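Q: Can you keep this structure in mind? I'll have questions shortly.
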Amino acid sequence: MAVIYRVNMTDLSVRSEAPGPGYLETGGRGLTSALIAAEVRPTCHPLSPENKLVIAPGVLTGTGAPCSGRLSVGAKSPLTGTIKESNSGGMGAIAMATLGIRAIILEGKPADRGLYRLIVNTEGIQIEPADELAGLGNYETVGRQYEEFGDKVSCLSIGQAGEMGAAAASIAVTDVEGRPTRHCGRGGLGAVMGSKGVKVIVIDPRGGHRPKPADVEAFKRGAQKFQEILKGHPLTGEGLPTYGTNALANVINQAGAYPTRNFSQGQFEGTEAISGEHQHDVILERGGEIAHACHRGCTIKCSRIYVDENGQYVTKGPEYETIWAHGADCGIDDLDAIARMDRLDDDFGLDTIETGATIGVAMEAGIIPFGDAEGAIGLLEEVGRGTPLGRLVASGAEVLGKAYGVSRIPTVKGQSMPAYDPRAVQGIGVTYATSTMGADHTAGYSIAANVLGVGGTVDPLKPEGQVELSRNLQIATASIDASGLCLFVAFAVLDKPEAMDAICDMFSGLLGREFTADDYLALGKATLAREREFNRAAGFTAADDRLPDFFKTEKLAPHGATFTVSDEELDTVYNFVGE
Amino acid sequence: MPRVQVNLYATLRRYVGGAPSVEVEIDPGRTIEAVLAGLGVPTDQTRILFLNNRAANLSDTLKDGDQLGVFPALGGG
Ligand code: SF4
């Protein structure tokens, strides 16, 4: 039986309810955004008792559909002030789905400012005091849970940053090995969890059952077809497993779109040393692991395990965005130093993109010089100690940049841009500017058609066609984010129309009714419309759907490009709402 | 003789003994396709092409000093 749990952290009570009719056929971001839009007052303070944190697996999660173990967490964001959904791999979503849980909603705020843990199992949810976990990093926090509960559980947790209420705080999700390496990174949702006094959620799926499709055979046919397509596609079948997401470093650098030294250049001279190719060789030489799956049932396996010179585990990946943020954006070309920062981010519970970009701004401010890897690690360690400077680092690029009088701050709606300069890839600029999430690449990954030749070709340096490209991708992405499928399946879906049929077959088999591509896209459109309305009611206007001015005035080498999509065009991205 | 620099990435490096970059002498007006064929890089595996940091096609012709970036199907994010 599908269930939604409400955990009231004000009176420490738990209620379960059956999902309403509108909530049964959606999940992931579709469900988190629907619940936040319906239940959270848009103008409330994100760290007040009125905000809610909604945790939801996708529609297909736990069914055995390939790459379907994504977890969505939603709230009003302390970083952006907008509605927010941040999603992550790891094993948490599958554990929730196995227990039949469609969503866990954290509400209220403990009056005693105490710290608690939630134990989720077949009995329901128990709230227990956990003050002894105060001030611990994610590794120690989840390590203690595994000692107590064994290796079958999954954990969602916050580190020091979340406890501090820092706007760059993430929520860690444990991976297949039980390490807190997967993060709902963006938007400071770790601070919302911290404000509710929840340090860790231990999900014990033992005794639960996989969601059973209404039509098992139809579901299986779709899943089988989908798996074959993912395996057969050169990107999801070979490129991503072999080189990981960081294969992009050289591609984006070649395109002149690799933001370097706080978005002041489009190419980094140290790219080869931090590239996916080099990372691949280092990992294999040292006995690490490539083609690693962040959750069971992922067939793409873009993750990897990074080890030091002695073959000792350091961290996962690191991923493309992380290596860029702590690397090129800071002028750092030392992969081992970057891996250490990834580990610290994961432990303190920080969004690696926001944190790297913030250190880039700190370098621009002259706190430490560009290229200073040890200085960057030192800045990060300040977060763990909770010093005033550490708190600034954990508050994101915009806050730190303002505190130090920096004029080049690469944010939209307070959130740092990821690893693509919008002057050299104009389509991603449209997504950064207009996404309901603030500057977010995953919200509408125009890089596919602008650079990678996937899903068509749109010249990245011209304004023409970018709005339509971004709009279509934002809709398709909101649909994927409801499904629980990893966004990386989109590379195959954009190339092979049969993949869309396979997804519809899986939905149809699961739900026991015909589910079409139109139904699928309607899920995404409805989600975007709700999110957009929430933001409007929270006070956001067209003036917020803009890039920082320097992208229009400072030319980016090597193309001498500025961002040229007009404001009028940006304002048409959401013209499908209300159609 | 005009020379061009061919930068190969990911799985394509296996066709040039693992080297990230090779310099090639060309006859003027050679196409990217011909240069790659000369190196033994199968063009059915090349998906993303850059000529001097701009997107290029296999049929584009090359001149002295050109820089090529050649990738298989890649993605991430
Ligand atoms: S493709 Fe990568 S991020 Fe996506 S589910 Fe698989 S391992 Fe995780």
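If you're wondering about the labels, chains in the structure tokens are A, B, ... by order shown, residues count from 1 in each chain, ligands from 1 in order shown.
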Can you tell me which residues come within 6 Å of ligand 1 when counting only C-alpha atoms and all ligand atoms, ideally as a PyMOL selection string?
A: chain A and resi 67+89+293-294+298+300-303+486+488
Q: Against chain A, which residues of chain B fall within 12 Å? For each one I want the closest pair of atoms and the distance in Å (one decimal), counting only C-alpha atoms, rows by chain and increasing residue number, as CSV.
A:
```
residue,atom,partner,partner_atom,distance
B:Asn7,CA,A:Gln254,CA,9.7
B:Leu8,CA,A:Asn250,CA,9.8
B:Tyr9,CA,A:Glu277,CA,7.4
B:Ala10,CA,A:Glu277,CA,5.9
B:Thr11,CA,A:Gly239,CA,7.9
B:Leu12,CA,A:Glu277,CA,10.8
B:Arg13,CA,A:Glu277,CA,9.6
B:Arg14,CA,A:Glu277,CA,11.7
B:Gly18,CA,A:Glu277,CA,10.4
B:Ala19,CA,A:Glu277,CA,11.2
B:Pro20,CA,A:Glu272,CA,8.9
B:Ser21,CA,A:Glu272,CA,11.1
B:Asp44,CA,A:Pro234,CA,11.2
B:Gln45,CA,A:Pro234,CA,8.8
B:Thr46,CA,A:Pro234,CA,10.7
B:Arg47,CA,A:Gly453,CA,7.2
B:Ile48,CA,A:Leu452,CA,6.1
B:Leu49,CA,A:Leu452,CA,9.2
B:Phe50,CA,A:Gln254,CA,6.9
B:Leu51,CA,A:Gln254,CA,9.1
B:Asn52,CA,A:Gln254,CA,8.2
B:Asn53,CA,A:Ala255,CA,5.1
B:Arg54,CA,A:Ala255,CA,6.4
B:Ala55,CA,A:Ala255,CA,7.6
B:Ala56,CA,A:Val451,CA,10.8
B:Asn57,CA,A:Gly453,CA,11.3
B:Gln67,CA,A:Gln254,CA,9.9
B:Leu68,CA,A:Gln254,CA,9.1
B:Gly69,CA,A:Gln254,CA,6.7
B:Val70,CA,A:Val251,CA,8.8
B:Phe71,CA,A:Val251,CA,7.5
B:Pro72,CA,A:Gly239,CA,7.8
B:Ala73,CA,A:Leu235,CA,5.3
B:Leu74,CA,A:Leu235,CA,5.4
B:Gly75,CA,A:Leu248,CA,6.1
B:Gly76,CA,A:Thr245,CA,4.0
B:Gly77,CA,A:Thr245,CA,5.8
```
Q: From the DSSP assignment of the backbone, select every residue of chain B that is alpha helix (DSSP H), and format the answer as an MDAnalysis selection string.
A: chainID B and resid 32:39
Q: Output N, CA, C and O atoms of each residue in that selection to a file, as a tab-separated table (two decimals), in the first residue's frame.
A:
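Final output, saved to out03.tsv:
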```
chain	number	residue	atom	x	y	z
B	32	ILE	N	38.82	17.23	-43.03
B	32	ILE	CA	38.98	16.60	-41.72
B	32	ILE	C	38.85	15.08	-41.86
B	32	ILE	O	39.63	14.31	-41.31
B	33	GLU	N	37.89	14.68	-42.67
B	33	GLU	CA	37.64	13.25	-42.86
B	33	GLU	C	38.89	12.55	-43.39
B	33	GLU	O	39.29	11.48	-42.90
B	34	ALA	N	39.55	13.17	-44.38
B	34	ALA	CA	40.73	12.55	-44.98
B	34	ALA	C	41.87	12.47	-43.97
B	34	ALA	O	42.58	11.46	-43.90
B	35	VAL	N	42.02	13.52	-43.16
B	35	VAL	CA	43.09	13.51	-42.17
B	35	VAL	C	42.85	12.41	-41.14
B	35	VAL	O	43.76	11.66	-40.77
B	36	LEU	N	41.60	12.28	-40.69
B	36	LEU	CA	41.29	11.24	-39.69
B	36	LEU	C	41.49	9.86	-40.29
B	36	LEU	O	42.05	8.96	-39.64
B	37	ALA	N	41.07	9.69	-41.54
B	37	ALA	CA	41.25	8.40	-42.20
B	37	ALA	C	42.74	8.07	-42.29
B	37	ALA	O	43.16	6.93	-42.04
B	38	GLY	N	43.54	9.09	-42.60
B	38	GLY	CA	44.99	8.89	-42.68
B	38	GLY	C	45.59	8.44	-41.36
B	38	GLY	O	46.57	7.70	-41.32
B	39	LEU	N	44.98	8.85	-40.27
B	39	LEU	CA	45.46	8.46	-38.94
B	39	LEU	C	44.89	7.11	-38.50
B	39	LEU	O	45.26	6.58	-37.46
```
Q: Give me the residues near Thr477 of chain A as a list in words, where near means some atom within 10 Å (using only C-alpha atoms) and where sequence neighbours in that chain fewer than 5 positions away do not count.
A: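 Selected residues are Arg29, Thr442, Ala443, Gly444, Tyr445, Arg471, Asn472, Ala482, Ser483, Leu487, Ala490, Leu521, Gly524, Lys525 and Leu528 of chain A.
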Q: For the selection just defined, write its residues with N, CA and C atoms to a file, as a PDB file, in the first residue's frame.
A:
```pdb
ATOM      1  N   ARG A  29      10.220  14.793  -8.431  1.00  0.00           N
ATOM      2  CA  ARG A  29      10.002  16.239  -8.452  1.00  0.00           C
ATOM      3  C   ARG A  29       8.538  16.594  -8.681  1.00  0.00           C
ATOM      4  N   THR A 442      21.015  21.090 -15.041  1.00  0.00           N
ATOM      5  CA  THR A 442      20.207  19.881 -15.263  1.00  0.00           C
ATOM      6  C   THR A 442      18.757  20.224 -15.613  1.00  0.00           C
ATOM      7  N   ALA A 443      18.329  21.444 -15.309  1.00  0.00           N
ATOM      8  CA  ALA A 443      16.929  21.810 -15.530  1.00  0.00           C
ATOM      9  C   ALA A 443      16.558  21.864 -17.005  1.00  0.00           C
ATOM     10  N   GLY A 444      17.533  22.009 -17.862  1.00  0.00           N
ATOM     11  CA  GLY A 444      17.284  22.054 -19.316  1.00  0.00           C
ATOM     12  C   GLY A 444      18.636  22.034 -19.992  1.00  0.00           C
ATOM     13  N   TYR A 445      19.160  20.826 -20.191  1.00  0.00           N
ATOM     14  CA  TYR A 445      20.565  20.638 -20.547  1.00  0.00           C
ATOM     15  C   TYR A 445      20.818  20.903 -22.031  1.00  0.00           C
ATOM     16  N   ARG A 471      13.284  25.542 -23.583  1.00  0.00           N
ATOM     17  CA  ARG A 471      11.915  25.272 -23.143  1.00  0.00           C
ATOM     18  C   ARG A 471      11.601  23.779 -23.244  1.00  0.00           C
ATOM     19  N   ASN A 472      11.877  23.209 -24.420  1.00  0.00           N
ATOM     20  CA  ASN A 472      11.557  21.796 -24.622  1.00  0.00           C
ATOM     21  C   ASN A 472      12.316  20.903 -23.652  1.00  0.00           C
ATOM     22  N   ALA A 482      10.214  13.381 -12.519  1.00  0.00           N
ATOM     23  CA  ALA A 482       9.084  12.754 -11.825  1.00  0.00           C
ATOM     24  C   ALA A 482       9.188  11.234 -11.876  1.00  0.00           C
ATOM     25  N   SER A 483       9.873  10.739 -12.909  1.00  0.00           N
ATOM     26  CA  SER A 483       9.890   9.292 -13.137  1.00  0.00           C
ATOM     27  C   SER A 483      10.825   8.547 -12.200  1.00  0.00           C
ATOM     28  N   LEU A 487      18.738  11.385 -15.115  1.00  0.00           N
ATOM     29  CA  LEU A 487      18.710  12.297 -16.255  1.00  0.00           C
ATOM     30  C   LEU A 487      19.601  11.822 -17.396  1.00  0.00           C
ATOM     31  N   ALA A 490      18.533  10.507 -20.741  1.00  0.00           N
ATOM     32  CA  ALA A 490      18.045  11.430 -21.768  1.00  0.00           C
ATOM     33  C   ALA A 490      18.936  11.441 -23.003  1.00  0.00           C
ATOM     34  N   LEU A 521       4.790  14.097 -21.048  1.00  0.00           N
ATOM     35  CA  LEU A 521       5.166  15.515 -21.122  1.00  0.00           C
ATOM     36  C   LEU A 521       4.225  16.387 -20.295  1.00  0.00           C
ATOM     37  N   GLY A 524       5.543  16.899 -16.849  1.00  0.00           N
ATOM     38  CA  GLY A 524       6.580  17.933 -16.760  1.00  0.00           C
ATOM     39  C   GLY A 524       5.981  19.326 -16.828  1.00  0.00           C
ATOM     40  N   LYS A 525       5.051  19.522 -17.746  1.00  0.00           N
ATOM     41  CA  LYS A 525       4.442  20.857 -17.893  1.00  0.00           C
ATOM     42  C   LYS A 525       3.709  21.259 -16.622  1.00  0.00           C
ATOM     43  N   LEU A 528       6.255  22.293 -13.947  1.00  0.00           N
ATOM     44  CA  LEU A 528       6.842  23.609 -14.195  1.00  0.00           C
ATOM     45  C   LEU A 528       5.836  24.726 -13.918  1.00  0.00           C
TER      46      LEU A 528
END
```
Q: If you measure from atom CA of Glu354 of chain A to atom CA of Asp329 of chain A, what distance in Å do you get, rounded to one decimal?
A: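 Atom-to-atom, atom CA of Glu354 of chain A and atom CA of Asp329 of chain A are spaced 11.3 Å apart.
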Q: Would you list, as a PyMOL selection string, the residues of chain B that end up in strand (DSSP E) under DSSP run on this structure's backbone?
A: chain B and resi 3-8+21-25+48-51+54-55+67-71
Q: Tell me which protein, DNA and RNA residues are within 9 Å of segment 379-388 of chain A, counting only C-alpha atoms, leaving out same-chain ones fewer than 6 positions away, and put them as JSON, numbers by chain.
A: {"A": [135, 137, 159, 160, 161, 164, 341, 344, 345, 347, 348, 355, 359, 368, 394]}
Q: Quick check, in Å to one decimal: how far apart do atom CA of Glu217 of chain A and atom CA of Met96 of chain A lie?
A: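 It comes out at 24.0 Å.
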Q: To one decimal place in Å, what is the distance between atom CA of Gln415 of chain A and atom CA of Leu79 of chain A?
A: 6.5 Å
Q: I'd like the contact shell of Tyr15 of chain B - 9 Å cut-off, only C-alpha atoms, skipping same-chain residues fewer than 5 positions apart - returned as a VMD selection string.
A: chain B and resid 39 to 42
Q: List as a PDB file with all heavy atoms, in the first residue's frame the protein and nucleic acid residues near Ile4 of chain A, meaning an atom at most 8 Å away when only C-alpha atoms are counted, but skip any in the same chain fewer than 3 places from it.
A:
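Output file out-v2.pdb follows:
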```
ATOM      1  N   SER A  16       0.412   8.879   9.116  1.00  0.00           N
ATOM      2  CA  SER A  16       0.504   8.331   7.760  1.00  0.00           C
ATOM      3  C   SER A  16      -0.819   8.568   7.063  1.00  0.00           C
ATOM      4  O   SER A  16      -1.876   8.629   7.694  1.00  0.00           O
ATOM      5  CB  SER A  16       0.818   6.840   7.808  1.00  0.00           C
ATOM      6  OG  SER A  16      -0.274   6.131   8.346  1.00  0.00           O
ATOM      7  N   GLU A  17      -0.749   8.753   5.769  1.00  0.00           N
ATOM      8  CA  GLU A  17      -1.982   8.940   5.010  1.00  0.00           C
ATOM      9  C   GLU A  17      -1.830   8.300   3.638  1.00  0.00           C
ATOM     10  O   GLU A  17      -0.707   8.100   3.147  1.00  0.00           O
ATOM     11  CB  GLU A  17      -2.310  10.434   4.876  1.00  0.00           C
ATOM     12  CG  GLU A  17      -1.228  11.246   4.222  1.00  0.00           C
ATOM     13  CD  GLU A  17      -1.457  12.765   4.376  1.00  0.00           C
ATOM     14  OE1 GLU A  17      -1.639  13.241   5.525  1.00  0.00           O
ATOM     15  OE2 GLU A  17      -1.449  13.450   3.358  1.00  0.00           O
ATOM     16  N   ALA A  18      -2.959   7.986   3.033  1.00  0.00           N
ATOM     17  CA  ALA A  18      -2.919   7.455   1.667  1.00  0.00           C
ATOM     18  C   ALA A  18      -2.759   8.641   0.721  1.00  0.00           C
ATOM     19  O   ALA A  18      -3.376   9.680   0.938  1.00  0.00           O
ATOM     20  CB  ALA A  18      -4.210   6.703   1.366  1.00  0.00           C
ATOM     21  N   PRO A  19      -1.921   8.489  -0.299  1.00  0.00           N
ATOM     22  CA  PRO A  19      -1.759   9.597  -1.241  1.00  0.00           C
ATOM     23  C   PRO A  19      -3.084   9.925  -1.908  1.00  0.00           C
ATOM     24  O   PRO A  19      -3.842   9.017  -2.280  1.00  0.00           O
ATOM     25  CB  PRO A  19      -0.762   9.054  -2.272  1.00  0.00           C
ATOM     26  CG  PRO A  19      -0.187   7.812  -1.695  1.00  0.00           C
ATOM     27  CD  PRO A  19      -1.137   7.308  -0.665  1.00  0.00           C
ATOM     28  N   ILE A 101       6.673   3.783   0.386  1.00  0.00           N
ATOM     29  CA  ILE A 101       6.559   5.197   0.757  1.00  0.00           C
ATOM     30  C   ILE A 101       6.659   6.087  -0.482  1.00  0.00           C
ATOM     31  O   ILE A 101       7.645   6.056  -1.204  1.00  0.00           O
ATOM     32  CB  ILE A 101       7.670   5.589   1.761  1.00  0.00           C
ATOM     33  CG1 ILE A 101       7.593   4.690   3.002  1.00  0.00           C
ATOM     34  CG2 ILE A 101       7.545   7.060   2.139  1.00  0.00           C
ATOM     35  CD1 ILE A 101       8.751   4.897   3.965  1.00  0.00           C
ATOM     36  N   ARG A 102       5.621   6.861  -0.710  1.00  0.00           N
ATOM     37  CA  ARG A 102       5.644   7.799  -1.835  1.00  0.00           C
ATOM     38  C   ARG A 102       6.312   9.103  -1.443  1.00  0.00           C
ATOM     39  O   ARG A 102       6.892   9.783  -2.283  1.00  0.00           O
ATOM     40  CB  ARG A 102       4.211   8.082  -2.319  1.00  0.00           C
ATOM     41  CG  ARG A 102       3.434   6.831  -2.724  1.00  0.00           C
ATOM     42  CD  ARG A 102       4.163   6.027  -3.779  1.00  0.00           C
ATOM     43  NE  ARG A 102       4.310   6.776  -5.016  1.00  0.00           N
ATOM     44  CZ  ARG A 102       3.483   6.702  -6.046  1.00  0.00           C
ATOM     45  NH1 ARG A 102       2.465   5.880  -6.005  1.00  0.00           N
ATOM     46  NH2 ARG A 102       3.685   7.427  -7.125  1.00  0.00           N
ATOM     47  N   ALA A 103       6.164   9.479  -0.180  1.00  0.00           N
ATOM     48  CA  ALA A 103       6.809  10.714   0.271  1.00  0.00           C
ATOM     49  C   ALA A 103       6.896  10.730   1.789  1.00  0.00           C
ATOM     50  O   ALA A 103       6.041  10.163   2.481  1.00  0.00           O
ATOM     51  CB  ALA A 103       6.029  11.939  -0.203  1.00  0.00           C
ATOM     52  N   ILE A 104       7.965  11.364   2.270  1.00  0.00           N
ATOM     53  CA  ILE A 104       8.061  11.707   3.686  1.00  0.00           C
ATOM     54  C   ILE A 104       8.084  13.230   3.740  1.00  0.00           C
ATOM     55  O   ILE A 104       8.866  13.864   3.030  1.00  0.00           O
ATOM     56  CB  ILE A 104       9.348  11.144   4.329  1.00  0.00           C
ATOM     57  CG1 ILE A 104       9.338   9.612   4.302  1.00  0.00           C
ATOM     58  CG2 ILE A 104       9.504  11.650   5.768  1.00  0.00           C
ATOM     59  CD1 ILE A 104      10.648   8.970   4.790  1.00  0.00           C
ATOM     60  N   ILE A 105       7.186  13.795   4.543  1.00  0.00           N
ATOM     61  CA  ILE A 105       7.114  15.260   4.642  1.00  0.00           C
ATOM     62  C   ILE A 105       7.550  15.670   6.041  1.00  0.00           C
ATOM     63  O   ILE A 105       6.917  15.282   7.031  1.00  0.00           O
ATOM     64  CB  ILE A 105       5.671  15.758   4.384  1.00  0.00           C
ATOM     65  CG1 ILE A 105       5.123  15.154   3.077  1.00  0.00           C
ATOM     66  CG2 ILE A 105       5.624  17.283   4.344  1.00  0.00           C
ATOM     67  CD1 ILE A 105       3.659  15.468   2.818  1.00  0.00           C
TER      68      ILE A 105
END
```
Q: I'd like the neighbourhood of Asp64 of chain B as a ChimeraX atom specification, where a residue qualifies if any of its atoms comes within 6 Å (using only C-alpha atoms), though same-chain residues fewer than 5 positions away should be ignored.
A: /B:2-4
Q: Which is closest to Phe226 of chain A among A:Thr299, A:Thr516, A:Ser508, A:Gln126, if we use only C-alpha atoms?
A: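 Closest to Phe226 of chain A of all the choices is A:Thr299.
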